[in-house]
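Chemist: Sharing final_18.tsv below, TSV, C-alpha atoms:
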```tsv
chain	number	residue	atom	x	y	z
Z	856	MET	CA	-25.33	127.17	-8.23
Z	857	HIS	CA	-25.26	123.80	-6.61
Z	858	LYS	CA	-28.93	124.14	-5.69
Z	859	LEU	CA	-29.72	125.20	-9.27
Z	860	SER	CA	-27.93	122.12	-10.64
Z	861	LEU	CA	-29.93	119.89	-8.34
Z	862	ALA	CA	-33.13	121.59	-9.47
Z	863	MET	CA	-32.21	121.14	-13.13
Z	864	ALA	CA	-31.40	117.48	-12.47
Z	865	ALA	CA	-34.79	117.01	-10.84
Z	866	VAL	CA	-36.52	118.60	-13.84
Z	867	ALA	CA	-34.55	116.38	-16.22
Z	868	ALA	CA	-35.50	113.29	-14.22
Z	869	SER	CA	-39.17	114.23	-14.31
Z	870	LEU	CA	-39.02	114.72	-18.09
Z	871	LEU	CA	-37.44	111.30	-18.55
Z	872	ALA	CA	-40.31	109.78	-16.61
Z	873	SER	CA	-42.97	111.70	-18.52
Z	874	PRO	CA	-45.04	110.38	-21.46
Z	875	LEU	CA	-43.27	112.89	-23.72
Z	876	ALA	CA	-39.91	111.27	-23.07
Z	877	ALA	CA	-41.45	107.85	-23.66
Z	878	GLN	CA	-42.34	108.69	-27.24
Z	879	THR	CA	-40.66	106.62	-29.93
Z	880	SER	CA	-40.00	107.13	-33.63
Z	881	ASP	CA	-41.82	103.95	-34.63
Z	882	ILE	CA	-44.89	101.91	-33.70
Z	883	THR	CA	-43.97	98.64	-31.99
Z	884	ILE	CA	-46.20	95.64	-32.60
Z	885	GLY	CA	-45.59	92.40	-30.70
Z	886	ILE	CA	-46.91	89.28	-32.43
Z	887	THR	CA	-46.99	85.81	-30.87
Z	888	VAL	CA	-48.07	82.95	-33.14
Z	889	SER	CA	-47.69	79.18	-33.22
Z	890	THR	CA	-45.09	78.41	-35.88
Z	891	THR	CA	-44.16	75.09	-34.24
Z	892	GLY	CA	-46.25	72.41	-32.57
Z	893	PRO	CA	-49.72	71.12	-33.43
Z	894	ALA	CA	-50.98	74.57	-34.50
Z	895	ALA	CA	-48.10	75.32	-36.88
Z	896	ALA	CA	-50.42	74.98	-39.88
Z	897	LEU	CA	-52.24	78.03	-38.54
Z	898	GLY	CA	-49.31	80.05	-37.25
Z	899	ILE	CA	-47.03	79.71	-40.25
Z	900	PRO	CA	-49.50	81.33	-42.70
Z	901	GLU	CA	-50.13	84.06	-40.11
Z	902	ARG	CA	-46.40	84.73	-39.93
Z	903	ASN	CA	-45.99	84.50	-43.71
Z	904	ALA	CA	-48.71	87.08	-44.32
Z	905	LEU	CA	-46.68	89.64	-42.39
Z	906	GLU	CA	-44.44	89.89	-45.45
Z	907	PHE	CA	-47.29	91.57	-47.28
Z	908	VAL	CA	-48.39	94.16	-44.70
Z	909	PRO	CA	-47.36	97.84	-44.67
Z	910	LYS	CA	-43.91	98.85	-43.46
Z	911	GLU	CA	-45.27	102.18	-42.27
Z	912	ILE	CA	-48.67	103.73	-41.59
Z	913	GLY	CA	-49.37	107.43	-41.40
Z	914	GLY	CA	-45.74	108.16	-42.15
Z	915	VAL	CA	-44.56	106.25	-39.05
Z	916	PRO	CA	-42.45	103.06	-39.43
Z	917	LEU	CA	-43.82	99.82	-38.00
Z	918	LYS	CA	-41.52	97.66	-35.88
Z	919	LEU	CA	-42.73	94.06	-35.82
Z	920	ILE	CA	-41.47	91.64	-33.18
Z	921	VAL	CA	-42.59	88.09	-33.97
Z	922	LEU	CA	-42.22	85.23	-31.46
Z	923	ASP	CA	-43.27	81.58	-31.54
Z	924	ASP	CA	-45.37	80.21	-28.67
Z	925	GLY	CA	-45.76	76.64	-29.96
Z	926	GLY	CA	-49.47	76.82	-29.20
Z	927	ASP	CA	-48.78	76.75	-25.46
Z	928	PRO	CA	-50.65	79.26	-23.25
Z	929	THR	CA	-47.69	79.53	-20.85
Z	930	ASN	CA	-45.33	80.41	-23.69
Z	931	ALA	CA	-47.86	82.87	-25.07
Z	932	THR	CA	-48.11	84.55	-21.67
Z	933	THR	CA	-44.31	84.83	-21.49
Z	934	ASN	CA	-44.15	86.33	-24.97
Z	935	ALA	CA	-46.91	88.82	-24.20
Z	936	ARG	CA	-45.17	89.92	-21.01
Z	937	ARG	CA	-41.94	90.41	-22.97
Z	938	PHE	CA	-43.80	92.66	-25.39
Z	939	VAL	CA	-45.05	94.71	-22.44
Z	940	THR	CA	-41.89	94.97	-20.36
Z	941	GLU	CA	-39.02	94.70	-22.84
Z	942	SER	CA	-40.43	95.91	-26.14
Z	943	LYS	CA	-42.84	98.53	-24.76
Z	944	ALA	CA	-45.28	97.45	-27.47
Z	945	ASP	CA	-48.02	99.76	-28.65
Z	946	ILE	CA	-50.06	96.84	-30.01
Z	947	ILE	CA	-50.09	93.08	-29.37
Z	948	MET	CA	-51.36	90.37	-31.73
Z	949	GLY	CA	-51.88	86.64	-31.20
Z	950	SER	CA	-52.12	83.85	-30.83
Z	951	SER	CA	-53.04	81.19	-33.41
Z	952	THR	CA	-55.40	79.04	-31.33
Z	953	THR	CA	-57.93	79.75	-28.62
Z	954	PRO	CA	-56.18	78.85	-25.31
Z	955	PRO	CA	-53.00	80.93	-25.92
Z	956	THR	CA	-55.09	83.77	-27.33
Z	957	VAL	CA	-57.00	83.92	-24.05
Z	958	ALA	CA	-53.66	84.11	-22.23
Z	959	VAL	CA	-52.39	86.95	-24.43
Z	960	SER	CA	-55.65	88.84	-24.01
Z	961	THR	CA	-55.34	88.65	-20.23
Z	962	VAL	CA	-51.86	90.18	-20.30
Z	963	ALA	CA	-52.84	92.89	-22.78
Z	964	ASN	CA	-55.84	93.92	-20.72
Z	965	GLU	CA	-53.79	94.03	-17.54
Z	966	ALA	CA	-51.22	96.27	-19.26
Z	967	GLY	CA	-53.68	98.45	-21.18
Z	968	ILE	CA	-52.42	97.61	-24.67
Z	969	PRO	CA	-54.65	97.05	-27.74
Z	970	HIS	CA	-54.80	93.34	-28.57
Z	971	PHE	CA	-55.81	91.68	-31.84
Z	972	GLY	CA	-56.68	88.02	-31.31
Z	973	LEU	CA	-55.90	85.80	-34.30
Z	974	ALA	CA	-58.11	82.92	-33.12
Z	975	PRO	CA	-61.73	82.83	-31.95
Z	976	PHE	CA	-61.82	83.22	-28.18
Z	977	PRO	CA	-64.36	84.06	-25.48
Z	978	ILE	CA	-64.07	87.79	-24.82
Z	979	SER	CA	-65.26	88.05	-21.22
Z	980	PRO	CA	-65.93	91.42	-19.53
Z	981	GLU	CA	-62.45	91.54	-18.03
Z	982	ARG	CA	-60.92	91.11	-21.51
Z	983	MET	CA	-63.33	93.32	-23.39
Z	984	LYS	CA	-61.77	96.78	-23.05
Z	985	TRP	CA	-58.52	96.16	-24.93
Z	986	SER	CA	-59.13	93.03	-27.03
Z	987	VAL	CA	-60.74	92.51	-30.42
Z	988	ALA	CA	-60.85	89.31	-32.49
Z	989	MET	CA	-60.00	88.99	-36.17
Z	990	PRO	CA	-61.58	85.58	-36.98
Z	991	GLN	CA	-65.30	85.30	-37.51
Z	992	PRO	CA	-67.28	84.70	-34.29
Z	993	VAL	CA	-68.51	81.16	-33.96
Z	994	PRO	CA	-72.26	82.04	-33.97
Z	995	ILE	CA	-72.01	83.92	-37.30
Z	996	VAL	CA	-69.93	81.36	-39.14
Z	997	GLY	CA	-71.80	78.46	-37.54
Z	998	LYS	CA	-75.16	79.73	-38.76
Z	999	VAL	CA	-74.26	79.22	-42.41
Z	1000	MET	CA	-73.65	75.53	-41.69
Z	1001	TYR	CA	-76.75	75.04	-39.55
Z	1002	ASP	CA	-78.93	76.68	-42.19
Z	1003	HIS	CA	-77.47	74.31	-44.77
Z	1004	MET	CA	-78.14	71.34	-42.50
Z	1005	LYS	CA	-81.76	72.33	-42.06
Z	1006	ALA	CA	-82.23	72.90	-45.80
Z	1007	LYS	CA	-80.93	69.39	-46.43
Z	1008	GLY	CA	-83.31	67.81	-43.93
Z	1009	VAL	CA	-80.81	67.06	-41.15
Z	1010	LYS	CA	-82.53	66.13	-37.87
Z	1011	THR	CA	-79.74	64.52	-35.82
Z	1012	ILE	CA	-76.14	65.71	-35.45
Z	1013	GLY	CA	-72.98	64.13	-34.13
Z	1014	TYR	CA	-70.13	66.26	-32.81
Z	1015	ILE	CA	-66.40	65.64	-32.48
Z	1016	GLY	CA	-64.15	68.48	-31.40
Z	1017	TYR	CA	-61.11	69.52	-29.42
Z	1018	SER	CA	-61.13	68.89	-25.68
Z	1019	ASP	CA	-60.35	72.55	-24.99
Z	1020	SER	CA	-61.98	75.98	-25.12
Z	1021	TYR	CA	-62.17	75.93	-28.94
Z	1022	GLY	CA	-64.08	72.66	-28.86
Z	1023	ASP	CA	-66.33	74.09	-26.14
Z	1024	LEU	CA	-67.08	77.21	-28.21
Z	1025	TRP	CA	-68.32	75.11	-31.10
Z	1026	PHE	CA	-70.25	72.54	-29.09
Z	1027	ASN	CA	-72.06	75.20	-27.07
Z	1028	ASP	CA	-72.96	77.13	-30.21
Z	1029	LEU	CA	-74.14	73.97	-31.95
Z	1030	LYS	CA	-76.51	73.26	-29.05
Z	1031	THR	CA	-77.73	76.83	-28.81
Z	1032	GLN	CA	-78.52	77.36	-32.47
Z	1033	THR	CA	-79.71	73.97	-33.68
Z	1034	ALA	CA	-82.22	73.14	-30.93
Z	1035	PRO	CA	-84.65	75.91	-31.98
Z	1036	MET	CA	-84.23	74.73	-35.58
Z	1037	GLY	CA	-85.59	71.29	-34.69
Z	1038	MET	CA	-82.27	69.42	-34.70
Z	1039	SER	CA	-80.76	67.40	-31.85
Z	1040	ILE	CA	-77.26	66.27	-30.90
Z	1041	VAL	CA	-77.12	62.49	-30.53
Z	1042	ALA	CA	-73.40	62.02	-29.88
Z	1043	GLU	CA	-70.54	64.14	-28.56
Z	1044	GLU	CA	-66.87	63.12	-28.71
Z	1045	ARG	CA	-63.65	65.00	-27.96
Z	1046	PHE	CA	-59.94	64.63	-28.74
Z	1047	ALA	CA	-56.75	66.48	-27.85
Z	1048	ARG	CA	-54.89	68.56	-30.41
Z	1049	PRO	CA	-51.76	66.33	-30.44
Z	1050	ASP	CA	-53.72	63.05	-30.77
Z	1051	THR	CA	-52.79	60.83	-33.69
Z	1052	SER	CA	-55.89	58.62	-33.58
Z	1053	VAL	CA	-59.61	59.16	-32.99
Z	1054	ALA	CA	-60.65	55.60	-33.78
Z	1055	GLY	CA	-62.60	55.08	-30.55
Z	1056	GLN	CA	-64.47	58.34	-30.85
Z	1057	VAL	CA	-65.33	57.71	-34.50
Z	1058	LEU	CA	-66.70	54.24	-33.76
Z	1059	LYS	CA	-69.13	55.78	-31.27
Z	1060	LEU	CA	-70.17	58.47	-33.72
Z	1061	VAL	CA	-70.78	55.97	-36.52
Z	1062	ALA	CA	-72.78	53.77	-34.14
Z	1063	ALA	CA	-75.02	56.74	-33.27
Z	1064	ASN	CA	-75.74	57.13	-37.01
Z	1065	PRO	CA	-76.42	60.89	-37.04
Z	1066	ASP	CA	-77.72	62.58	-40.18
Z	1067	ALA	CA	-74.66	64.87	-40.18
Z	1068	ILE	CA	-71.48	65.39	-38.18
Z	1069	LEU	CA	-69.77	68.64	-37.20
Z	1070	VAL	CA	-66.01	68.64	-36.55
Z	1071	GLY	CA	-64.97	71.37	-34.10
Z	1072	ALA	CA	-61.25	71.42	-34.85
Z	1073	SER	CA	-58.71	73.57	-36.66
Z	1074	GLY	CA	-55.60	73.30	-38.80
Z	1075	THR	CA	-54.39	69.97	-40.14
Z	1076	ALA	CA	-55.70	68.15	-37.06
Z	1077	ALA	CA	-59.22	68.68	-38.41
Z	1078	ALA	CA	-58.35	66.18	-41.15
Z	1079	LEU	CA	-57.93	63.38	-38.59
Z	1080	PRO	CA	-61.63	62.82	-37.82
Z	1081	GLN	CA	-62.53	63.60	-41.43
Z	1082	SER	CA	-60.39	60.72	-42.69
Z	1083	ALA	CA	-61.34	58.36	-39.87
Z	1084	LEU	CA	-65.08	58.88	-40.39
Z	1085	ARG	CA	-64.85	58.06	-44.09
Z	1086	GLU	CA	-62.59	55.07	-43.44
Z	1087	ARG	CA	-65.17	53.72	-40.97
Z	1088	GLY	CA	-67.89	54.01	-43.59
Z	1089	TYR	CA	-69.76	57.11	-42.49
Z	1090	LYS	CA	-71.67	58.29	-45.58
Z	1091	GLY	CA	-73.44	61.36	-44.25
Z	1092	PRO	CA	-72.35	64.98	-44.67
Z	1093	ILE	CA	-69.39	66.15	-42.60
Z	1094	TYR	CA	-69.14	69.83	-41.75
Z	1095	GLN	CA	-65.86	71.49	-40.82
Z	1096	THR	CA	-65.43	74.85	-39.10
Z	1097	HIS	CA	-63.56	77.83	-40.50
Z	1098	GLY	CA	-60.60	76.78	-38.37
Z	1099	ALA	CA	-59.87	74.09	-40.97
Z	1100	ALA	CA	-60.13	76.32	-44.03
Z	1101	SER	CA	-56.83	75.93	-45.84
Z	1102	MET	CA	-55.32	73.92	-48.67
Z	1103	ASP	CA	-53.39	71.94	-46.04
Z	1104	PHE	CA	-56.67	70.34	-44.98
Z	1105	ILE	CA	-57.18	68.94	-48.48
Z	1106	ARG	CA	-53.57	67.82	-48.67
Z	1107	ILE	CA	-53.75	65.92	-45.36
Z	1108	ALA	CA	-57.29	64.54	-45.71
Z	1109	GLY	CA	-56.73	63.43	-49.31
Z	1110	ALA	CA	-59.65	61.68	-50.97
Z	1111	SER	CA	-61.71	61.84	-47.75
Z	1112	ALA	CA	-61.90	65.64	-48.16
Z	1113	GLU	CA	-64.13	65.26	-51.22
Z	1114	GLY	CA	-67.61	66.56	-50.47
Z	1115	VAL	CA	-66.75	68.09	-47.09
Z	1116	LEU	CA	-68.84	71.14	-46.23
Z	1117	MET	CA	-66.69	73.87	-44.77
Z	1118	ALA	CA	-67.52	77.24	-43.32
Z	1119	SER	CA	-64.93	79.80	-44.36
Z	1120	GLY	CA	-64.07	83.44	-44.52
Z	1121	PRO	CA	-64.46	85.08	-47.94
Z	1122	VAL	CA	-60.67	85.21	-48.42
Z	1123	MET	CA	-60.78	81.60	-49.58
Z	1124	ASN	CA	-62.83	82.57	-52.65
Z	1125	PRO	CA	-62.66	86.32	-53.40
Z	1126	GLU	CA	-62.93	85.55	-57.12
Z	1127	GLY	CA	-66.50	84.41	-56.56
Z	1128	GLN	CA	-67.58	87.65	-54.89
Z	1129	PRO	CA	-69.37	90.48	-56.67
Z	1130	ASP	CA	-67.30	93.58	-57.41
Z	1131	SER	CA	-69.39	95.48	-54.88
Z	1132	ALA	CA	-68.18	93.26	-52.01
Z	1133	LEU	CA	-65.81	95.21	-49.74
Z	1134	THR	CA	-63.93	91.99	-48.99
Z	1135	LYS	CA	-63.06	91.29	-52.63
Z	1136	LYS	CA	-60.20	93.74	-53.22
Z	1137	PRO	CA	-58.19	92.96	-50.06
Z	1138	GLY	CA	-58.81	89.23	-50.55
Z	1139	LEU	CA	-57.51	89.29	-54.12
Z	1140	ALA	CA	-54.51	91.38	-53.06
Z	1141	LEU	CA	-53.52	89.00	-50.26
Z	1142	ASN	CA	-54.00	85.84	-52.30
Z	1143	ALA	CA	-52.08	87.22	-55.29
Z	1144	ALA	CA	-49.09	88.14	-53.12
Z	1145	TYR	CA	-49.24	84.96	-51.06
Z	1146	GLU	CA	-49.59	82.54	-53.96
Z	1147	ALA	CA	-46.91	84.35	-55.97
Z	1148	LYS	CA	-44.43	83.53	-53.20
Z	1149	TYR	CA	-45.73	80.28	-51.75
Z	1150	GLY	CA	-47.24	78.66	-54.81
Z	1151	PRO	CA	-50.62	78.19	-56.48
Z	1152	SER	CA	-53.50	77.29	-54.15
Z	1153	SER	CA	-51.45	78.07	-51.04
Z	1154	ARG	CA	-54.02	80.60	-49.83
Z	1155	SER	CA	-55.12	80.25	-46.23
Z	1156	GLN	CA	-57.81	81.68	-44.02
Z	1157	PHE	CA	-55.20	82.06	-41.28
Z	1158	ALA	CA	-53.03	84.32	-43.41
Z	1159	GLY	CA	-56.09	86.53	-43.66
Z	1160	HIS	CA	-56.32	86.98	-39.90
Z	1161	SER	CA	-52.91	88.64	-39.48
Z	1162	PHE	CA	-53.14	90.47	-42.81
Z	1163	ASP	CA	-56.51	91.93	-41.84
Z	1164	ALA	CA	-55.24	93.25	-38.52
Z	1165	PHE	CA	-53.01	95.57	-40.53
Z	1166	GLU	CA	-55.85	96.50	-42.88
Z	1167	ILE	CA	-57.64	97.76	-39.78
Z	1168	LEU	CA	-54.52	99.49	-38.47
Z	1169	LYS	CA	-54.26	101.38	-41.77
Z	1170	ARG	CA	-57.51	103.05	-40.74
Z	1171	VAL	CA	-57.09	103.49	-36.99
Z	1172	ILE	CA	-53.41	104.45	-36.63
Z	1173	PRO	CA	-53.74	107.73	-38.61
Z	1174	VAL	CA	-56.67	108.65	-36.36
Z	1175	ALA	CA	-54.67	107.86	-33.21
Z	1176	LEU	CA	-51.64	109.83	-34.45
Z	1177	LYS	CA	-53.74	112.99	-34.51
Z	1178	THR	CA	-53.91	113.03	-30.73
Z	1179	ALA	CA	-50.93	111.06	-29.39
Z	1180	LYS	CA	-47.44	109.79	-30.17
Z	1181	PRO	CA	-46.25	106.15	-30.31
Z	1182	GLY	CA	-44.70	104.75	-27.18
Z	1183	THR	CA	-47.15	106.41	-24.82
Z	1184	PRO	CA	-50.23	105.26	-22.90
Z	1185	GLU	CA	-52.13	108.04	-24.66
Z	1186	PHE	CA	-51.36	106.49	-28.06
Z	1187	ARG	CA	-52.56	103.08	-26.95
Z	1188	GLU	CA	-55.77	104.62	-25.65
Z	1189	ALA	CA	-56.19	106.53	-28.92
Z	1190	ILE	CA	-55.91	103.28	-30.90
Z	1191	ARG	CA	-58.44	101.61	-28.62
Z	1192	ALA	CA	-60.85	104.50	-29.09
Z	1193	ALA	CA	-60.36	104.61	-32.87
Z	1194	LEU	CA	-61.24	100.92	-33.14
Z	1195	LEU	CA	-64.69	101.88	-31.88
Z	1196	THR	CA	-65.22	105.09	-33.84
Z	1197	GLU	CA	-64.01	103.96	-37.29
Z	1198	LYS	CA	-66.70	102.05	-39.19
Z	1199	GLU	CA	-66.92	99.72	-42.19
Z	1200	LEU	CA	-63.30	98.59	-41.83
Z	1201	ALA	CA	-62.95	96.47	-44.97
Z	1202	ALA	CA	-60.57	93.50	-44.95
Z	1203	SER	CA	-60.17	90.15	-46.64
Z	1204	GLN	CA	-62.20	88.23	-44.05
Z	1205	GLY	CA	-65.02	90.64	-43.43
Z	1206	VAL	CA	-66.10	94.20	-42.79
Z	1207	TYR	CA	-65.48	95.19	-39.17
Z	1208	ASN	CA	-67.63	97.47	-37.03
Z	1209	PHE	CA	-66.40	97.09	-33.46
Z	1210	THR	CA	-68.50	98.33	-30.54
Z	1211	ASP	CA	-68.20	98.31	-26.75
Z	1212	LYS	CA	-70.35	95.17	-26.69
Z	1213	ASP	CA	-69.20	93.47	-29.91
Z	1214	ARG	CA	-65.45	92.88	-30.07
Z	1215	TYR	CA	-65.71	90.73	-33.21
Z	1216	GLY	CA	-67.55	93.40	-35.18
Z	1217	LEU	CA	-68.54	91.17	-38.10
Z	1218	ASP	CA	-71.76	90.31	-39.89
Z	1219	ASP	CA	-72.90	87.88	-42.59
Z	1220	ARG	CA	-70.42	89.37	-45.07
Z	1221	ALA	CA	-67.73	87.47	-43.16
Z	1222	ARG	CA	-68.67	83.90	-44.05
Z	1223	ILE	CA	-69.21	81.61	-47.02
Z	1224	LEU	CA	-69.84	77.88	-47.35
Z	1225	LEU	CA	-67.45	75.81	-49.45
Z	1226	THR	CA	-67.15	72.20	-50.48
Z	1227	VAL	CA	-64.28	70.22	-51.98
Z	1228	LYS	CA	-64.66	68.95	-55.54
Z	1229	ASP	CA	-61.82	67.29	-57.44
Z	1230	GLY	CA	-59.37	68.44	-54.77
Z	1231	LYS	CA	-60.37	72.10	-54.91
Z	1232	TYR	CA	-62.60	74.39	-52.88
Z	1233	VAL	CA	-65.75	75.50	-54.67
Z	1234	PRO	CA	-68.93	77.19	-53.42
Z	1235	ALA	CA	-71.33	74.75	-51.78
Z	1236	GLN	CA	-74.85	74.36	-53.09
```
As structure tokens - that is how I would like this structure written.
Modeler:
Amino acid sequence: MHKLSLAMAAVAASLLASPLAAQTSDITIGITVSTTGPAAALGIPERNALEFVPKEIGGVPLKLIVLDDGGDPTNATTNARRFVTESKADIIMGSSTTPPTVAVSTVANEAGIPHFGLAPFPISPERMKWSVAMPQPVPIVGKVMYDHMKAKGVKTIGYIGYSDSYGDLWFNDLKTQTAPMGMSIVAEERFARPDTSVAGQVLKLVAANPDAILVGASGTAAALPQSALRERGYKGPIYQTHGAASMDFIRIAGASAEGVLMASGPVMNPEGQPDSALTKKPGLALNAAYEAKYGPSSRSQFAGHSFDAFEILKRVIPVALKTAKPGTPEFREAIRAALLTEKELAASQGVYNFTDKDRYGLDDRARILLTVKDGKYVPAQ
């Protein structure tokens, strides 16, 4: 009998260690965003949008664990590791800006957990298996601005952007796409996200007298060079990336925002889309819910990033549940696989078709060009 008890104990121990025993009754999603620090203008809308996402998918409750990383890659790494080791997350999302998103992606790929980046980031081969990105890729959203520049006769361009990987993404794309279009970069300046002045950089840009200037920044910090350029008398067109697309930009930039040309996701103007656009319905739904709670004109591109991750999960989780249970490696693999097999995933910011090679999965349906007129965003001409 004693030997039988030992055998039963061994069987019980093996069951506890098995994937079956690891199953849970809910799907755990770890989310790290920047709700404090220089990127708070991005992270707060991303957190707020979580109020309007499903509470369950496929009949299984969702358990959201939301942590602040302050925009710091070290904090984001710590949060991601907590999701892996303490929360046993099935899915990880974050972060709000490029450097911490790279950090989260590294952890997720090491652990084998599906990761939804909420900021544009370089998805290298070692981060490609488990990561996808919700924002529009820089080349797609950049093209709408470069085409506009060319149509308006721009020949020379000045650039001012962050002195980090986000700034690098935009500067490298600007060089790559505009050179074949017959345009040249005559000045390049950088600044750090926490900087409170770009006076020196702006003086150099104005002295170079480019036909147009591109600002490679995001959140409210993008308003800093916008204001400084107008204050120093620059009269040419200023283009802002989709990282600045929010009402906060207009609020901070004030009168200097008038006439800015801004690439954006379609969520900033779903009313202007045809009824046939797959992005219209989710965009209207998010903006109606968001503005009902946070006030008129509070819509934000960044809210769309986190909201859209759940629009995609509404499609892929039911597929994954057919073959595996939450809380297991098999379920995480099933989600990863479903991200590649499900097509035309409609969301507020675009229609996603992920592949092994394309982890952004977006096309031209994911971008529009706006300008500011009388303190409001309107389609650019």
Chemist: Residues at most 10 Å from Asp1019 of chain Z, counting all atoms listed in the file, excluding those fewer than 2 positions away in the same chain, as a count of residues only?
Modeler: 13
Chemist: Using all atoms listed in the file, what table do you get, as JSON lines, when you list each residue of segment 896-1003 of chain Z with an atom no more than 12 Å from segment 1203-1222 of chain Z, its nearest pair of atoms, and their distance in Å rounded to one decimal, rows by chain then rising number?
Modeler:
```
{"residue": "Z:Pro969", "atom": "CA", "partner": "Z:Arg1214", "partner_atom": "CA", "distance": 11.8}
{"residue": "Z:His970", "atom": "CA", "partner": "Z:Arg1214", "partner_atom": "CA", "distance": 10.8}
{"residue": "Z:Phe971", "atom": "CA", "partner": "Z:Arg1214", "partner_atom": "CA", "distance": 9.9}
{"residue": "Z:Gly972", "atom": "CA", "partner": "Z:Tyr1215", "partner_atom": "CA", "distance": 9.6}
{"residue": "Z:Leu973", "atom": "CA", "partner": "Z:Tyr1215", "partner_atom": "CA", "distance": 11.0}
{"residue": "Z:Ala974", "atom": "CA", "partner": "Z:Tyr1215", "partner_atom": "CA", "distance": 10.9}
{"residue": "Z:Pro975", "atom": "CA", "partner": "Z:Tyr1215", "partner_atom": "CA", "distance": 8.9}
{"residue": "Z:Phe976", "atom": "CA", "partner": "Z:Tyr1215", "partner_atom": "CA", "distance": 9.8}
{"residue": "Z:Pro977", "atom": "CA", "partner": "Z:Arg1214", "partner_atom": "CA", "distance": 10.0}
{"residue": "Z:Ile978", "atom": "CA", "partner": "Z:Arg1214", "partner_atom": "CA", "distance": 7.4}
{"residue": "Z:Ser979", "atom": "CA", "partner": "Z:Arg1214", "partner_atom": "CA", "distance": 10.1}
{"residue": "Z:Pro980", "atom": "CA", "partner": "Z:Lys1212", "partner_atom": "CA", "distance": 9.2}
{"residue": "Z:Arg982", "atom": "CA", "partner": "Z:Arg1214", "partner_atom": "CA", "distance": 9.8}
{"residue": "Z:Met983", "atom": "CA", "partner": "Z:Arg1214", "partner_atom": "CA", "distance": 7.0}
{"residue": "Z:Lys984", "atom": "CA", "partner": "Z:Asp1211", "partner_atom": "CA", "distance": 7.6}
{"residue": "Z:Trp985", "atom": "CA", "partner": "Z:Arg1214", "partner_atom": "CA", "distance": 9.2}
{"residue": "Z:Ser986", "atom": "CA", "partner": "Z:Arg1214", "partner_atom": "CA", "distance": 7.0}
{"residue": "Z:Val987", "atom": "CA", "partner": "Z:Arg1214", "partner_atom": "CA", "distance": 4.7}
{"residue": "Z:Ala988", "atom": "CA", "partner": "Z:Tyr1215", "partner_atom": "CA", "distance": 5.1}
{"residue": "Z:Met989", "atom": "CA", "partner": "Z:Tyr1215", "partner_atom": "CA", "distance": 6.7}
{"residue": "Z:Pro990", "atom": "CA", "partner": "Z:Gln1204", "partner_atom": "CA", "distance": 7.6}
{"residue": "Z:Gln991", "atom": "CA", "partner": "Z:Ala1221", "partner_atom": "CA", "distance": 6.5}
{"residue": "Z:Pro992", "atom": "CA", "partner": "Z:Tyr1215", "partner_atom": "CA", "distance": 6.3}
{"residue": "Z:Val993", "atom": "CA", "partner": "Z:Tyr1215", "partner_atom": "CA", "distance": 10.0}
{"residue": "Z:Pro994", "atom": "CA", "partner": "Z:Asp1218", "partner_atom": "CA", "distance": 10.2}
{"residue": "Z:Ile995", "atom": "CA", "partner": "Z:Asp1219", "partner_atom": "CA", "distance": 6.7}
{"residue": "Z:Val996", "atom": "CA", "partner": "Z:Arg1222", "partner_atom": "CA", "distance": 5.7}
{"residue": "Z:Gly997", "atom": "CA", "partner": "Z:Arg1222", "partner_atom": "CA", "distance": 9.0}
{"residue": "Z:Lys998", "atom": "CA", "partner": "Z:Asp1219", "partner_atom": "CA", "distance": 9.3}
{"residue": "Z:Val999", "atom": "CA", "partner": "Z:Arg1222", "partner_atom": "CA", "distance": 7.5}
{"residue": "Z:Met1000", "atom": "CA", "partner": "Z:Arg1222", "partner_atom": "CA", "distance": 10.0}
```
Chemist: In Å, how far is it from atom CA of Glu901 of chain Z to atom CA of Gly1127 of chain Z?
Modeler: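 Here the two named atoms are 23.2 Å from each other.
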Chemist: Excluding Gly898 of chain Z and residues on its chain fewer than 3 positions from it, collect all residues at most 6 Å away from it, counting all atoms listed in the file, and give them as number ranges by chain.
Modeler: Z: 888-890, 895, 901, 951
Chemist: Give me the residues within 10 Å of Thr1051 of chain Z as a ChimeraX atom specification, counting only C-alpha atoms and dropping any in the same chain fewer than 5 places off.
Modeler: /Z:1046,1076,1079-1080
Chemist: Restricting the calculation to all atoms listed in the file: of Z:Ala1083, Z:Ala896, Z:Ala904, Z:Ala1067, which residue gets closest to Ala1144 of chain Z?
Modeler: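 Residue with the minimum atom-to-atom distance to Ala1144 of chain Z: Z:Ala904.
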Chemist: Using all atoms listed in the file, can you tell me which of Z:Leu1194, Z:Val1227, Z:Ala958, Z:Ile1040 comes closest to Tyr1014 of chain Z?
Modeler: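 Going through Z:Leu1194, Z:Val1227, Z:Ala958, Z:Ile1040 one by one, the smallest distance to Tyr1014 of chain Z is for Z:Ile1040.
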Chemist: Could you jot down the atom CA of Gly913 of chain Z to atom CA of Thr1134 of chain Z separation for me, Å, one decimal place?
Modeler: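 Here the two named atoms are 22.5 Å from each other.
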Chemist: Nearest residue to Ala1202 of chain Z out of Z:Val1041, Z:Ile1105, Z:Ala1034, Z:Ala1140, using only C-alpha atoms?
Modeler: Z:Ala1140
Chemist: Step by step, gather every atom of segment 934-937 of chain Z that the file lists, find the box along x, y and z that holds them, add 3 Å on each side, and finally give centre and edge lengths in Å to one decimal, as lines of an AutoDock Vina configuration file.
Modeler:
```
center_x = -44.4
center_y = 88.4
center_z = -23.0
size_x = 11.0
size_y = 10.1
size_z = 10.0
```
Chemist: Taking all atoms listed in the file into account, name the residue in Z:Arg1154, Z:Val1009, Z:Arg1170, Z:Leu1139 that is nearest to Thr1196 of chain Z.
Modeler: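 Among the listed residues, the smallest separation from Thr1196 of chain Z belongs to Z:Arg1170.
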